[in-house]
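File shown: my_file.cif (mmCIF, C-alpha atoms).
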data_input
#
loop_
_atom_site.group_PDB
_atom_site.id
_atom_site.type_symbol
_atom_site.label_atom_id
_atom_site.label_comp_id
_atom_site.auth_asym_id
_atom_site.auth_seq_id
_atom_site.Cartn_x
_atom_site.Cartn_y
_atom_site.Cartn_z
ATOM 1 C CA PHE A 265 23.937 2.856 -34.865
ATOM 2 C CA PHE A 266 21.153 0.972 -33.164
ATOM 3 C CA LEU A 267 17.408 1.407 -33.499
ATOM 4 C CA ARG A 268 14.866 0.721 -30.805
ATOM 5 C CA ARG A 269 11.137 0.944 -30.376
ATOM 6 C CA SER A 270 10.201 4.140 -28.586
ATOM 7 C CA ARG A 271 8.348 3.809 -25.305
ATOM 8 C CA THR A 272 7.398 7.498 -25.292
ATOM 9 C CA ALA A 273 3.686 8.235 -25.231
ATOM 10 C CA GLY A 274 1.957 10.119 -28.009
ATOM 11 C CA ARG A 275 3.107 10.271 -31.606
ATOM 12 C CA MET A 276 6.393 8.510 -30.881
ATOM 13 C CA ALA A 277 4.743 5.349 -29.560
ATOM 14 C CA GLY A 278 5.292 2.354 -31.814
ATOM 15 C CA LYS A 279 7.654 4.209 -34.150
ATOM 16 C CA VAL A 280 11.178 2.989 -34.725
ATOM 17 C CA VAL A 281 13.573 5.716 -33.572
ATOM 18 C CA PRO A 282 17.341 5.806 -33.105
ATOM 19 C CA SER A 283 18.521 4.815 -29.655
ATOM 20 C CA GLY A 284 19.773 7.734 -27.620
ATOM 21 C CA LEU A 285 16.708 9.888 -28.334
ATOM 22 C CA ARG A 286 14.032 10.835 -25.922
ATOM 23 C CA GLY A 287 10.757 12.276 -27.101
ATOM 24 C CA MET A 288 9.085 15.261 -25.556
ATOM 25 C CA THR A 289 5.697 16.763 -26.360
ATOM 26 C CA SER A 290 6.105 20.280 -24.976
ATOM 27 C CA MET A 291 4.260 22.141 -27.746
ATOM 28 C CA PRO A 292 1.042 21.214 -29.523
ATOM 29 C CA GLY A 293 1.638 20.061 -33.087
ATOM 30 C CA ILE A 294 5.408 19.875 -32.663
ATOM 31 C CA ARG A 295 7.413 16.790 -31.747
ATOM 32 C CA VAL A 296 10.606 17.624 -29.859
ATOM 33 C CA LEU A 297 13.416 15.055 -29.860
ATOM 34 C CA VAL A 298 16.448 15.497 -27.612
ATOM 35 C CA SER A 299 19.585 13.416 -28.057
ATOM 36 C CA ASN A 300 20.903 11.617 -24.973
ATOM 37 C CA THR A 301 24.407 11.353 -26.422
ATOM 38 C CA HIS A 302 27.204 13.792 -27.217
ATOM 39 C CA ASN A 303 28.636 11.510 -29.902
ATOM 40 C CA PRO A 304 28.832 13.681 -33.047
ATOM 41 C CA PHE A 305 28.744 10.718 -35.428
ATOM 42 C CA LEU A 306 25.552 9.333 -33.885
ATOM 43 C CA ASN A 307 23.961 12.787 -33.742
ATOM 44 C CA LEU A 308 24.732 13.549 -37.398
ATOM 45 C CA ALA A 309 23.532 10.080 -38.423
ATOM 46 C CA THR A 310 20.316 10.623 -36.458
ATOM 47 C CA GLU A 311 19.763 13.951 -38.205
ATOM 48 C CA GLU A 312 20.253 12.249 -41.573
ATOM 49 C CA TRP A 313 17.950 9.384 -40.546
ATOM 50 C CA LEU A 314 15.244 11.880 -39.552
ATOM 51 C CA PHE A 315 15.649 13.665 -42.886
ATOM 52 C CA ARG A 316 15.392 10.464 -44.928
ATOM 53 C CA SER A 317 12.940 8.420 -42.822
ATOM 54 C CA GLY A 318 11.185 10.823 -40.469
ATOM 55 C CA ASP A 319 7.447 11.427 -40.445
ATOM 56 C CA ILE A 320 7.171 14.846 -42.095
ATOM 57 C CA SER A 321 3.445 15.040 -41.365
ATOM 58 C CA VAL A 322 4.499 15.970 -37.813
ATOM 59 C CA ASN A 323 6.644 19.070 -37.355
ATOM 60 C CA THR A 324 9.799 17.925 -35.563
ATOM 61 C CA LEU A 325 12.491 19.792 -33.637
ATOM 62 C CA TYR A 326 15.654 17.758 -33.019
ATOM 63 C CA LEU A 327 18.115 19.064 -30.388
ATOM 64 C CA TRP A 328 21.601 17.779 -29.678
ATOM 65 C CA ARG A 329 25.043 18.758 -28.366
ATOM 66 C CA ASN A 330 28.385 17.326 -29.458
ATOM 67 C CA GLU A 331 31.716 16.643 -27.825
ATOM 68 C CA PRO A 332 34.431 18.908 -29.307
ATOM 69 C CA THR A 333 34.023 18.386 -33.055
ATOM 70 C CA VAL A 334 34.809 20.092 -36.317
ATOM 71 C CA VAL A 335 32.034 19.366 -38.821
ATOM 72 C CA ILE A 336 32.775 19.840 -42.504
ATOM 73 C CA GLY A 337 30.376 19.958 -45.440
ATOM 74 C CA ARG A 338 29.930 17.244 -48.030
ATOM 75 C CA CYS A 339 32.433 18.640 -50.559
ATOM 76 C CA GLN A 340 35.070 20.092 -48.245
ATOM 77 C CA ASN A 341 38.655 18.903 -48.033
ATOM 78 C CA PRO A 342 39.608 18.452 -44.352
ATOM 79 C CA TRP A 343 43.316 19.034 -45.046
ATOM 80 C CA LYS A 344 42.476 22.464 -46.461
ATOM 81 C CA GLU A 345 39.908 23.382 -43.804
ATOM 82 C CA VAL A 346 41.481 22.306 -40.502
ATOM 83 C CA ASN A 347 44.740 21.400 -38.818
ATOM 84 C CA VAL A 348 44.115 17.648 -38.620
ATOM 85 C CA GLN A 349 47.265 16.954 -36.584
ATOM 86 C CA LYS A 350 46.349 19.585 -33.951
ATOM 87 C CA MET A 351 42.807 18.210 -33.753
ATOM 88 C CA GLN A 352 44.190 14.721 -33.057
ATOM 89 C CA GLN A 353 46.460 16.118 -30.325
ATOM 90 C CA ASP A 354 43.494 17.931 -28.728
ATOM 91 C CA ASN A 355 41.088 14.962 -29.087
ATOM 92 C CA VAL A 356 38.726 16.916 -31.350
ATOM 93 C CA HIS A 357 36.542 14.796 -33.632
ATOM 94 C CA LEU A 358 36.344 15.416 -37.372
ATOM 95 C CA ALA A 359 32.948 14.646 -38.895
ATOM 96 C CA ARG A 360 31.385 15.186 -42.301
ATOM 97 C CA ARG A 361 27.719 16.025 -42.727
ATOM 98 C CA ASN A 362 25.747 15.018 -45.802
ATOM 99 C CA SER A 363 24.724 18.561 -46.634
ATOM 100 C CA GLY A 364 26.967 21.263 -48.019
ATOM 101 C CA GLY A 365 28.049 24.389 -46.215
ATOM 102 C CA GLY A 366 31.104 25.561 -44.386
ATOM 103 C CA THR A 367 33.205 24.188 -41.572
ATOM 104 C CA VAL A 368 31.876 24.658 -38.031
ATOM 105 C CA TYR A 369 33.244 23.929 -34.569
ATOM 106 C CA GLN A 370 30.842 22.398 -32.048
ATOM 107 C CA ASP A 371 31.219 21.512 -28.395
ATOM 108 C CA LEU A 372 29.076 21.205 -25.280
ATOM 109 C CA GLY A 373 28.806 25.003 -25.131
ATOM 110 C CA ASN A 374 26.364 25.135 -28.037
ATOM 111 C CA THR A 375 23.141 23.379 -28.933
ATOM 112 C CA CYS A 376 22.463 22.200 -32.476
ATOM 113 C CA PHE A 377 18.923 22.030 -33.809
ATOM 114 C CA THR A 378 17.066 20.791 -36.861
ATOM 115 C CA PHE A 379 13.495 21.534 -37.932
ATOM 116 C CA LEU A 380 11.784 18.892 -40.025
ATOM 117 C CA SER A 381 8.427 19.564 -41.635
ATOM 118 C CA SER A 382 6.576 19.117 -44.885
ATOM 119 C CA MET A 383 6.448 22.014 -47.326
ATOM 120 C CA GLU A 384 2.739 22.397 -46.513
ATOM 121 C CA ASN A 385 3.407 22.628 -42.747
ATOM 122 C CA TYR A 386 6.450 24.898 -42.979
ATOM 123 C CA ASP A 387 5.941 28.134 -41.020
ATOM 124 C CA LYS A 388 9.031 30.307 -40.582
ATOM 125 C CA GLU A 389 7.346 32.578 -38.016
ATOM 126 C CA ARG A 390 6.168 29.681 -35.826
ATOM 127 C CA ASN A 391 9.548 27.908 -36.073
ATOM 128 C CA SER A 392 11.356 31.117 -35.090
ATOM 129 C CA GLY A 393 9.162 31.423 -32.017
ATOM 130 C CA ILE A 394 9.971 28.024 -30.574
#
Translate the structure described by the file into structure tokens.
Amino acid sequence: FFLRRSRTAGRMAGKVVPSGLRGMTSMPGIRVLVSNTHNPFLNLATEEWLFRSGDISVNTLYLWRNEPTVVIGRCQNPWKEVNVQKMQQDNVHLARRNSGGGTVYQDLGNTCFTFLSSMENYDKERNSGI
């Protein structure tokens, strides 16, 4: 997991961001980050990094897609949730996210997204309209 200085204009300039991200400023007041990788481990780590170190004064939308991956929640047992041997045969990654929740399958046919905002800036209606 490497960090680099962003060369993107606007709010991203001068900020340290994970490599593999490109910034976009398509909507006023919302920073849109799009992952340039399909590596599920990097994408989940980037999501966690944004959660722990991101600038919550700016509403952020993070978009990414993963190679075939089964993602399990923090407290799940992979041997109870998935057929680990079949996943290895089919070259499907197994990843654990820091949050709870159920097991999900992800591949290049779906797009994952994360909204990051402060409690004061949270607006369910606006976020739903993006």
Of the candidates A:Ile294, A:Ile320, A:Leu314, A:Leu325, which one gets nearest to Phe379 (chain A) if we count all atoms listed in the file?
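Looking at the shortest contact to Phe379 (chain A), the residue is A:Leu325.
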Could you tell me how far CA of Leu308 (chain A) sits from CA of Gly365 (chain A), in Å to one decimal place?
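CA of Leu308 (chain A) lies 14.4 Å from CA of Gly365 (chain A).
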Fewer than 3 positions away in the same chain doesn't count, so skip those; otherwise give me all residues within 12 Å of Val335 (chain A), counting all atoms listed in the file, as a PyMOL selection string.
chain A and resi 304-305+307-308+330-332+338-342+345-346+351+356-371+376
For this structure, which residues satisfy the selection - the PyMOL selection byres ((chain A and resi 375) around 8) - when it is evaluated on the file as given? I want them as a list in words.
Leu327, Trp328, Arg329, Leu372, Gly373, Asn374, Cys376 and Phe377 of chain A
By how many Å are CA of Gly318 (chain A) and CA of Ser381 (chain A) apart?
9.2 Å
Assuming the chain letters and numbering stay as they are in my file, what does the PyMOL selection byres ((chain A and resi 319) around 10) actually select? List them as a PyMOL selection string.
chain A and resi 275+279+314-318+320-324+380-382
Tell me, in Å to one decimal, how far CA of Thr333 (chain A) is from CA of Asn303 (chain A).
9.3 Å
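Nearest residue to Glu311 (chain A) among A:Asn347, A:Asn385, A:Thr378, A:Ser392 is A:Thr378, counting only C-alpha atoms.
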Please define a box with edges along x, y and z of the file around all atoms of region 302-316 of chain A given in the file, extend it by 4 Å on each side, and return its centre and edge lengths in Å to one decimal, as JSON.
{"center_x": 22.0, "center_y": 11.6, "center_z": -36.1, "size_x": 21.6, "size_y": 12.6, "size_z": 25.7}
